[in-house]
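J.: Below you'll find the structure I mean.
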Amino acid sequence: MCDQTFLAITFGPCDSCSENPVGRQSRLDGRSQRATKNICSCCSPFCPFPMACQGLASGETLKSLKAESETLRKKLEEERKKLHDVELEKVAEKAEALGELNMKTRRTLKGHGNKVLCMDWCKDKRRIVSSSQDGKVIVWDAFTTNKEHAVTMPTTWVMACAYAPSGCAIACGGLDNKCSVYPLSLDKDENLAAKKKSVAMHTNYLSGCTFTNSDMQILTSSGDGTSALWDVESGQLLQSFHGHSADVLTLDLAPSETGNTFVSGGSDKKANVWDLRSGQNVQSFDTHDSDINCVKYYPSGDAFASASDDSTCRLFDLRADREVSIYSKDSIMFGAASVDFSLSGRLLFAGYNDYTINVWDVLKGTRVAILFGHENRVSSLRVSPDGTAFCSGSWDNTLRVRQEGRGVVRELKQGGTTPYLKNIFLFN
Amino acid sequence: MSTNNNIAQARKLVEQLRIEAGIERIKVSKAAADLMSYCEQHARNDPLLVGVPTSENPFKDKKPCIIL
């Protein structure tokens with residue numbers, strides 16, 4: 001004879017994760033069931049739908065994960081603090097004083113009809129590519145100031161441009177969400193636009209691009225929050241880099257001797273270091289108070305500098321895993337848009353939205369010169385490959401090539417007790 | 001389920017933090033010393049720091065006098 005017991009199914013929380021609902025059988029006559037552990041299918045080791053079940057591993061809850069991330073963050077802070085035994089400025093007191101810095105404008109490149117947004121040097125140390133808001137990309141010979149090539153992009157706001165290592169091609173992009181490569185031909189009359197190749201496709205504007213150590217691969221950063229590595233020939237995506245929580249505004253590749261990493265900066269105020277091959281975010285720095293507009297590696301590859309809308313530039317050491325210097329002044333109230341190091345890494349050139357370029361002593365943290373001359377924001381700045389000059393592009397539609405102005409090689413003073421150079425204001 | 005998304009995000013964050021917390025670090029004193037020695041070694045070859053002799057300068061002004 002079968003004993004018909006009327007069982008009802010009621011719902012209660014899972015005994016394991018306390019979150020997911022679980023149906024419990026209870027007898028209608030009120031007598032309790034044999035005490036069995038009621039666990040949801042997610043917590044059960046015999047979950048019939050392991051793929052669909054994106055739930056928690058046993059023991060994990062959203063709360064516990066959040067708690068763990070807090071603990072890890074605190075641990076990160078502590079580890080970094082432990083090694084902060086001295087300030088860079090203190091160590092740099094022993095460094096030789098810089099003496100007088102005298103920068104002169106050697107060339108002014110005029111020809112863009114609108115704001116210059118980006119520029120890059122060719123490895124031959126003489127050619128420059130620049131891109132502007134009106135969609136024009138121009139290749140200049142900086143020695144003669146002649147325009148060698150001009151391309152009109154089918155988009156405005158060409159925010160990124162780069163010269164290929166071979167000098168035989170340029171890459172550029174902007175509001176079209178793409179990065180296009182144009183091979184440069186020796187024939188000046190040839191229509192460059194005809195040979196254009198679309199390489200990168202993002203879902204928002206292109207903010208930065210650079211070739212890796214060959215013409216074959218391009219690294220791009222985008223307003224869609226990602227960076228990506230592409231094969232130029234096939235246009236194939238080789239690796240993508242996710243981790244920024246807002247637009248990625250800038251990137252820089254590590255100097256080739258130091259391996260396969262790059263650093264990116266974004267509107268989320270973070271600078272992230274990535275491994276090119278694995279796509280892994282290996283280090284993250286978030287001390288800036290506003291968007292990071294530009295990042296550049298120190299020549300040795302052990303550190304990088306950043307320029308931000310919070311009007312400061314900062315130096316982050318990769319091996320110490322922390323910010324080691326901040327380049328700022330109360331009198332500087334406008335955002336910094338672009339930075340680059342001189343060849344030895346001793347000088348940091350930074351272009352600002354208040355139309356000036358400040359030159360900083362990287363080690364001592366002091367400003368050694370202010371350069372005037374541009375009539376609008378300085379949007380981009382790069383030191384030439386051999387370090388003899390640097391070029392700045394501006395919203396005043398021009399580019400300026402500047403150099404140390406004396407015309408003779410000077411000896412640097414020894415000893416740390418020589419007083420710092422007073423600020424030199426140069427109207428050139 | 002949005003809770004599943006939150007969980008996935010939280011798990012990713014924890015894994016990322018684990019990686020970052022686990023890297024090898026050196027003391028700032030050592031890092032600073034290395035930065036300084038790199039600067040020192042290359043300072044003499046830094047044209048923006050020490051200057052370029054006019055005779056070798058491809059950007060030299062062509063005018064006979066230099067206006068400062």
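Just remember, in the structure tokens the first chain shown is A, the second B, etc., residues are 1-based per chain, and ligands are 1-based in the order shown.
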Identify, with DSSP run on backbone atoms, the residues in chain B assigned to alpha helix (DSSP H), and express the list as a compact mmCIF listing (two decimals) with N, CA and C atoms, in the first residue's frame.
T.:
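Output contents, as saved in states-v4.txt:
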# COMPACT_ATOMS: atom_id res chain seq x y z
N SER B 2 21.47 39.89 -13.68
CA SER B 2 22.44 40.96 -13.44
C SER B 2 23.37 40.57 -12.30
N THR B 3 22.88 39.76 -11.37
CA THR B 3 23.76 39.37 -10.27
C THR B 3 24.91 38.52 -10.81
N ASN B 4 24.62 37.73 -11.84
CA ASN B 4 25.70 36.93 -12.42
C ASN B 4 26.77 37.82 -13.05
N ASN B 5 26.31 38.93 -13.68
CA ASN B 5 27.27 39.88 -14.25
C ASN B 5 28.13 40.50 -13.17
N ASN B 6 27.46 40.91 -12.07
CA ASN B 6 28.21 41.50 -10.97
C ASN B 6 29.23 40.52 -10.43
N ILE B 7 28.81 39.27 -10.31
CA ILE B 7 29.70 38.25 -9.78
C ILE B 7 30.90 38.07 -10.72
N ALA B 8 30.61 38.01 -12.01
CA ALA B 8 31.70 37.83 -12.97
C ALA B 8 32.67 39.00 -12.90
N GLN B 9 32.11 40.21 -12.80
CA GLN B 9 32.97 41.40 -12.70
C GLN B 9 33.81 41.37 -11.44
N ALA B 10 33.15 41.02 -10.32
CA ALA B 10 33.87 40.99 -9.05
C ALA B 10 34.98 39.95 -9.09
N ARG B 11 34.69 38.81 -9.70
CA ARG B 11 35.69 37.74 -9.78
C ARG B 11 36.87 38.20 -10.62
N LYS B 12 36.56 38.89 -11.75
CA LYS B 12 37.64 39.39 -12.61
C LYS B 12 38.51 40.38 -11.86
N LEU B 13 37.84 41.24 -11.08
CA LEU B 13 38.58 42.24 -10.32
C LEU B 13 39.50 41.58 -9.32
N VAL B 14 38.99 40.58 -8.62
CA VAL B 14 39.81 39.88 -7.63
C VAL B 14 41.01 39.23 -8.30
N GLU B 15 40.76 38.60 -9.47
CA GLU B 15 41.89 37.95 -10.15
C GLU B 15 42.92 38.98 -10.59
N GLN B 16 42.45 40.12 -11.10
CA GLN B 16 43.37 41.18 -11.54
C GLN B 16 44.19 41.69 -10.36
N LEU B 17 43.51 41.91 -9.23
CA LEU B 17 44.22 42.41 -8.05
C LEU B 17 45.23 41.39 -7.55
N ARG B 18 44.87 40.12 -7.66
CA ARG B 18 45.81 39.06 -7.22
C ARG B 18 47.10 39.14 -8.04
N ILE B 19 46.91 39.31 -9.37
CA ILE B 19 48.09 39.40 -10.23
C ILE B 19 48.93 40.61 -9.85
N GLU B 20 48.26 41.75 -9.68
CA GLU B 20 49.02 42.96 -9.38
C GLU B 20 49.71 42.89 -8.03
N ALA B 21 49.02 42.30 -7.04
CA ALA B 21 49.62 42.22 -5.71
C ALA B 21 50.83 41.30 -5.70
N VAL B 28 62.37 51.95 -3.65
CA VAL B 28 62.44 53.21 -4.39
C VAL B 28 63.88 53.71 -4.44
N SER B 29 64.65 53.47 -3.36
CA SER B 29 66.04 53.95 -3.35
C SER B 29 66.82 53.31 -4.50
N LYS B 30 66.59 52.03 -4.72
CA LYS B 30 67.30 51.35 -5.81
C LYS B 30 66.81 51.86 -7.17
N ALA B 31 65.48 51.99 -7.30
CA ALA B 31 64.90 52.45 -8.57
C ALA B 31 65.42 53.86 -8.89
N ALA B 32 65.42 54.73 -7.87
CA ALA B 32 65.87 56.10 -8.08
C ALA B 32 67.34 56.13 -8.47
N ALA B 33 68.15 55.30 -7.80
CA ALA B 33 69.58 55.25 -8.12
C ALA B 33 69.79 54.82 -9.57
N ASP B 34 68.99 53.85 -10.02
CA ASP B 34 69.13 53.39 -11.40
C ASP B 34 68.74 54.47 -12.39
N LEU B 35 67.66 55.20 -12.09
CA LEU B 35 67.24 56.29 -12.99
C LEU B 35 68.34 57.33 -13.09
N MET B 36 68.92 57.66 -11.92
CA MET B 36 69.98 58.67 -11.90
C MET B 36 71.19 58.23 -12.69
N SER B 37 71.58 56.96 -12.52
CA SER B 37 72.78 56.51 -13.21
C SER B 37 72.55 56.45 -14.70
N TYR B 38 71.32 56.13 -15.14
CA TYR B 38 71.03 56.14 -16.58
C TYR B 38 71.19 57.56 -17.13
N CYS B 39 70.64 58.54 -16.39
CA CYS B 39 70.75 59.94 -16.82
C CYS B 39 72.20 60.36 -16.93
N GLU B 40 72.96 59.99 -15.90
CA GLU B 40 74.36 60.39 -15.87
C GLU B 40 75.14 59.81 -17.04
N GLN B 41 74.90 58.52 -17.28
CA GLN B 41 75.62 57.84 -18.36
C GLN B 41 75.36 58.48 -19.70
N HIS B 42 74.12 58.92 -19.92
CA HIS B 42 73.75 59.38 -21.25
C HIS B 42 73.70 60.89 -21.39
N ALA B 43 73.99 61.61 -20.30
CA ALA B 43 73.86 63.07 -20.33
C ALA B 43 74.76 63.70 -21.38
N PRO B 47 71.72 65.86 -26.90
CA PRO B 47 71.89 67.15 -27.56
C PRO B 47 70.99 68.25 -27.01
N LEU B 48 69.82 67.88 -26.45
CA LEU B 48 68.94 68.91 -25.92
C LEU B 48 69.45 69.42 -24.58
N LEU B 49 70.36 68.65 -23.97
CA LEU B 49 70.92 69.03 -22.68
C LEU B 49 72.22 69.80 -22.85
N VAL B 50 73.11 69.25 -23.68
CA VAL B 50 74.44 69.86 -23.79
C VAL B 50 74.62 70.70 -25.05
J.: For A:Leu251, please output as a PyMOL selection string all residues within 8 Å (counting only C-alpha atoms; exclusion window: fewer than 6 positions along the same chain).
T.: chain A and resi 208-209+220-221+262-265+294-296
J.: Write out as a list of chain:residue names which residues come within 9 Å of B:Asn45 when counting only C-alpha atoms, dropping same-chain ones fewer than 5 positions away.
T.: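 Within the cut-off, the hits are A:Leu343, A:Ser344, A:Gly387, B:Val50.
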J.: Could you please take those selected residues and save C-alpha atoms as a PDB file, in the first residue's frame?
T.:
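The resulting file, result.pdb, is reproduced below:
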ATOM      1  CA  LEU A 343      67.561  61.294 -24.971  1.00  0.00           C
ATOM      2  CA  SER A 344      69.196  60.864 -21.548  1.00  0.00           C
ATOM      3  CA  GLY A 387      67.459  63.746 -29.615  1.00  0.00           C
TER       4      GLY A 387
ATOM      5  CA  VAL B  50      74.439  69.858 -23.791  1.00  0.00           C
TER       6      VAL B  50
END
J.: Point out the residue among A:Glu78, A:Glu404, A:Asp309, A:Asp291 with the least atom-to-atom distance to chain B, counting only C-alpha atoms.
T.: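 Counting only C-alpha atoms, the residue closest to chain B is A:Glu404.
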J.: Report, in Å to a single decimal, how far apart atom CA of A:Leu348 and atom CA of A:Asn376 are.
T.: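 Atom-to-atom, atom CA of A:Asn376 and atom CA of A:Leu348 are spaced 20.5 Å apart.
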J.: Kindly give the distance, in Å, that separates atom CA of A:Phe285 and atom CA of A:Leu363, rounded to a single decimal.
T.: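 A separation of 19.8 Å between them.
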J.: B:Arg25: which residues within 10 Å, counting only C-alpha atoms, same-chain residues fewer than 4 positions away excluded, as a list in words?
T.: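 Listed by chain and then number, they are Glu79, Arg80, Leu83, Leu318, Arg319, Ala320, Asp321 and Arg322 of chain A; Ala21 and Ala31 of chain B.
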J.: Could you save the residues just selected, with all heavy atoms, as a PDB file, in the first residue's frame?
T.:
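The resulting file, selection24.pdb, is reproduced below:
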ATOM      1  N   GLU A  79      52.264  46.797   0.396  1.00  0.00           N
ATOM      2  CA  GLU A  79      53.482  46.331  -0.256  1.00  0.00           C
ATOM      3  C   GLU A  79      54.221  47.495  -0.892  1.00  0.00           C
ATOM      4  O   GLU A  79      55.444  47.605  -0.814  1.00  0.00           O
ATOM      5  CB  GLU A  79      53.144  45.289  -1.343  1.00  0.00           C
ATOM      6  CG  GLU A  79      52.612  43.986  -0.807  1.00  0.00           C
ATOM      7  CD  GLU A  79      53.645  43.216  -0.025  1.00  0.00           C
ATOM      8  OE1 GLU A  79      54.807  43.148  -0.463  1.00  0.00           O
ATOM      9  OE2 GLU A  79      53.290  42.690   1.034  1.00  0.00           O
ATOM     10  N   ARG A  80      53.445  48.384  -1.535  1.00  0.00           N
ATOM     11  CA  ARG A  80      54.082  49.525  -2.183  1.00  0.00           C
ATOM     12  C   ARG A  80      54.694  50.455  -1.154  1.00  0.00           C
ATOM     13  O   ARG A  80      55.783  50.994  -1.345  1.00  0.00           O
ATOM     14  CB  ARG A  80      53.050  50.293  -3.026  1.00  0.00           C
ATOM     15  CG  ARG A  80      52.739  49.625  -4.337  1.00  0.00           C
ATOM     16  CD  ARG A  80      51.609  50.327  -5.047  1.00  0.00           C
ATOM     17  NE  ARG A  80      51.463  49.852  -6.410  1.00  0.00           N
ATOM     18  CZ  ARG A  80      50.438  50.149  -7.196  1.00  0.00           C
ATOM     19  NH1 ARG A  80      49.465  50.911  -6.749  1.00  0.00           N
ATOM     20  NH2 ARG A  80      50.380  49.683  -8.427  1.00  0.00           N
ATOM     21  N   LEU A  83      58.203  49.605   0.432  1.00  0.00           N
ATOM     22  CA  LEU A  83      59.419  49.832  -0.333  1.00  0.00           C
ATOM     23  C   LEU A  83      59.690  51.309  -0.570  1.00  0.00           C
ATOM     24  O   LEU A  83      60.662  51.671  -1.210  1.00  0.00           O
ATOM     25  CB  LEU A  83      59.321  49.100  -1.673  1.00  0.00           C
ATOM     26  CG  LEU A  83      59.184  47.595  -1.516  1.00  0.00           C
ATOM     27  CD1 LEU A  83      58.732  46.963  -2.808  1.00  0.00           C
ATOM     28  CD2 LEU A  83      60.496  46.996  -1.087  1.00  0.00           C
ATOM     29  N   LEU A 318      58.418  51.442 -12.894  1.00  0.00           N
ATOM     30  CA  LEU A 318      57.764  50.147 -13.074  1.00  0.00           C
ATOM     31  C   LEU A 318      58.286  49.097 -12.109  1.00  0.00           C
ATOM     32  O   LEU A 318      57.550  48.211 -11.687  1.00  0.00           O
ATOM     33  CB  LEU A 318      57.954  49.667 -14.513  1.00  0.00           C
ATOM     34  CG  LEU A 318      57.217  50.543 -15.525  1.00  0.00           C
ATOM     35  CD1 LEU A 318      57.628  50.184 -16.936  1.00  0.00           C
ATOM     36  CD2 LEU A 318      55.719  50.362 -15.382  1.00  0.00           C
ATOM     37  N   ARG A 319      59.591  49.184 -11.754  1.00  0.00           N
ATOM     38  CA  ARG A 319      60.132  48.135 -10.885  1.00  0.00           C
ATOM     39  C   ARG A 319      59.759  48.395  -9.432  1.00  0.00           C
ATOM     40  O   ARG A 319      59.591  47.462  -8.663  1.00  0.00           O
ATOM     41  CB  ARG A 319      61.641  48.031 -11.068  1.00  0.00           C
ATOM     42  CG  ARG A 319      61.975  47.540 -12.472  1.00  0.00           C
ATOM     43  CD  ARG A 319      63.455  47.432 -12.712  1.00  0.00           C
ATOM     44  NE  ARG A 319      64.143  48.647 -12.366  1.00  0.00           N
ATOM     45  CZ  ARG A 319      65.403  48.697 -11.971  1.00  0.00           C
ATOM     46  NH1 ARG A 319      66.119  47.590 -11.891  1.00  0.00           N
ATOM     47  NH2 ARG A 319      65.963  49.838 -11.671  1.00  0.00           N
ATOM     48  N   ALA A 320      59.617  49.670  -9.047  1.00  0.00           N
ATOM     49  CA  ALA A 320      59.172  49.982  -7.698  1.00  0.00           C
ATOM     50  C   ALA A 320      57.652  49.976  -7.620  1.00  0.00           C
ATOM     51  O   ALA A 320      57.075  50.042  -6.539  1.00  0.00           O
ATOM     52  CB  ALA A 320      59.691  51.359  -7.274  1.00  0.00           C
ATOM     53  N   ASP A 321      57.015  49.924  -8.782  1.00  0.00           N
ATOM     54  CA  ASP A 321      55.559  49.838  -8.872  1.00  0.00           C
ATOM     55  C   ASP A 321      54.847  50.996  -8.177  1.00  0.00           C
ATOM     56  O   ASP A 321      53.862  50.810  -7.466  1.00  0.00           O
ATOM     57  CB  ASP A 321      55.073  48.487  -8.276  1.00  0.00           C
ATOM     58  CG  ASP A 321      53.599  48.242  -8.544  1.00  0.00           C
ATOM     59  OD1 ASP A 321      53.128  48.607  -9.642  1.00  0.00           O
ATOM     60  OD2 ASP A 321      52.912  47.707  -7.652  1.00  0.00           O
ATOM     61  N   ARG A 322      55.355  52.229  -8.353  1.00  0.00           N
ATOM     62  CA  ARG A 322      54.662  53.362  -7.764  1.00  0.00           C
ATOM     63  C   ARG A 322      55.056  54.662  -8.452  1.00  0.00           C
ATOM     64  O   ARG A 322      56.036  54.720  -9.189  1.00  0.00           O
ATOM     65  CB  ARG A 322      54.963  53.464  -6.277  1.00  0.00           C
ATOM     66  CG  ARG A 322      56.423  53.705  -5.950  1.00  0.00           C
ATOM     67  CD  ARG A 322      56.639  53.922  -4.457  1.00  0.00           C
ATOM     68  NE  ARG A 322      55.939  55.067  -3.952  1.00  0.00           N
ATOM     69  CZ  ARG A 322      55.040  55.031  -2.972  1.00  0.00           C
ATOM     70  NH1 ARG A 322      54.759  53.905  -2.376  1.00  0.00           N
ATOM     71  NH2 ARG A 322      54.442  56.129  -2.568  1.00  0.00           N
TER      72      ARG A 322
ATOM     73  N   ALA B  21      49.025  42.295  -7.043  1.00  0.00           N
ATOM     74  CA  ALA B  21      49.623  42.223  -5.706  1.00  0.00           C
ATOM     75  C   ALA B  21      50.834  41.297  -5.704  1.00  0.00           C
ATOM     76  O   ALA B  21      51.743  41.458  -4.895  1.00  0.00           O
ATOM     77  CB  ALA B  21      48.584  41.744  -4.700  1.00  0.00           C
ATOM     78  N   ALA B  31      65.477  51.987  -7.305  1.00  0.00           N
ATOM     79  CA  ALA B  31      64.901  52.454  -8.573  1.00  0.00           C
ATOM     80  C   ALA B  31      65.415  53.857  -8.893  1.00  0.00           C
ATOM     81  O   ALA B  31      65.787  54.155 -10.032  1.00  0.00           O
ATOM     82  CB  ALA B  31      63.385  52.448  -8.487  1.00  0.00           C
TER      83      ALA B  31
END
J.: Could you list, as a list in words, every residue within 10 Å of stretch 198-200 of chain A, counting only C-alpha atoms and ignoring same-chain residues fewer than 4 positions away?
T.: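 Here the qualifying residues turn out to be Ala171, Cys172, Gly173, Asn177, Lys178, Cys179, Ser180, Val181, Tyr182, Leu206, Cys209, Gln217, Ile218, Leu219, Thr220, Ser221, Ala228, Leu229, Trp230, Asp231, Val232, Glu233, Ser234, Gly235, Gln236 and Leu237 of chain A.
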J.: Give me the residues near A:Ile332 as a list in words, where near means some atom within 10 Å (using only C-alpha atoms) and where sequence neighbours in that chain fewer than 4 positions away do not count.
T.: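 Result of the neighbour search: Asp310, Ser311, Thr312, Ser328, Ala336, Tyr352, Asn353, Asp354, Thr356 and Asn358 of chain A.
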J.: Could you write out the selected residues, including C-alpha atoms, as a PDB file, in the first residue's frame?
T.:
ATOM      1  CA  ASP A 310      44.841  67.653 -13.450  1.00  0.00           C
ATOM      2  CA  SER A 311      47.688  69.981 -14.620  1.00  0.00           C
ATOM      3  CA  THR A 312      50.418  67.654 -13.368  1.00  0.00           C
ATOM      4  CA  SER A 328      53.543  70.482 -10.825  1.00  0.00           C
ATOM      5  CA  ALA A 336      49.021  68.952 -19.689  1.00  0.00           C
ATOM      6  CA  TYR A 352      50.000  72.439 -21.813  1.00  0.00           C
ATOM      7  CA  ASN A 353      46.572  73.848 -22.585  1.00  0.00           C
ATOM      8  CA  ASP A 354      47.775  77.303 -21.494  1.00  0.00           C
ATOM      9  CA  THR A 356      53.197  76.886 -22.987  1.00  0.00           C
ATOM     10  CA  ASN A 358      57.365  73.489 -19.482  1.00  0.00           C
TER      11      ASN A 358
END
J.: Contacts of stretch 301-303 of chain A at 7 Å or less, counting only C-alpha atoms, minus same-chain residues fewer than 3 places along, as a list in words?
T.: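 Everything that qualifies: Ala254, Pro255, Thr258, Tyr297, Tyr298, Leu315, Phe316, Asp317, Leu318 and Arg319 of chain A.
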J.: How many Å separate atom CA of A:Asp252 from atom CA of A:Phe304?
T.: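 Separating atom CA of A:Asp252 from atom CA of A:Phe304 is a distance of 9.1 Å.
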J.: Using DSSP secondary structure from the backbone, list all strand (DSSP E or B) positions within stretch 213-271 of chain A, as a ChimeraX atom specification.
T.: /A:217-222,226-231,237-242,248-253,261-266,271
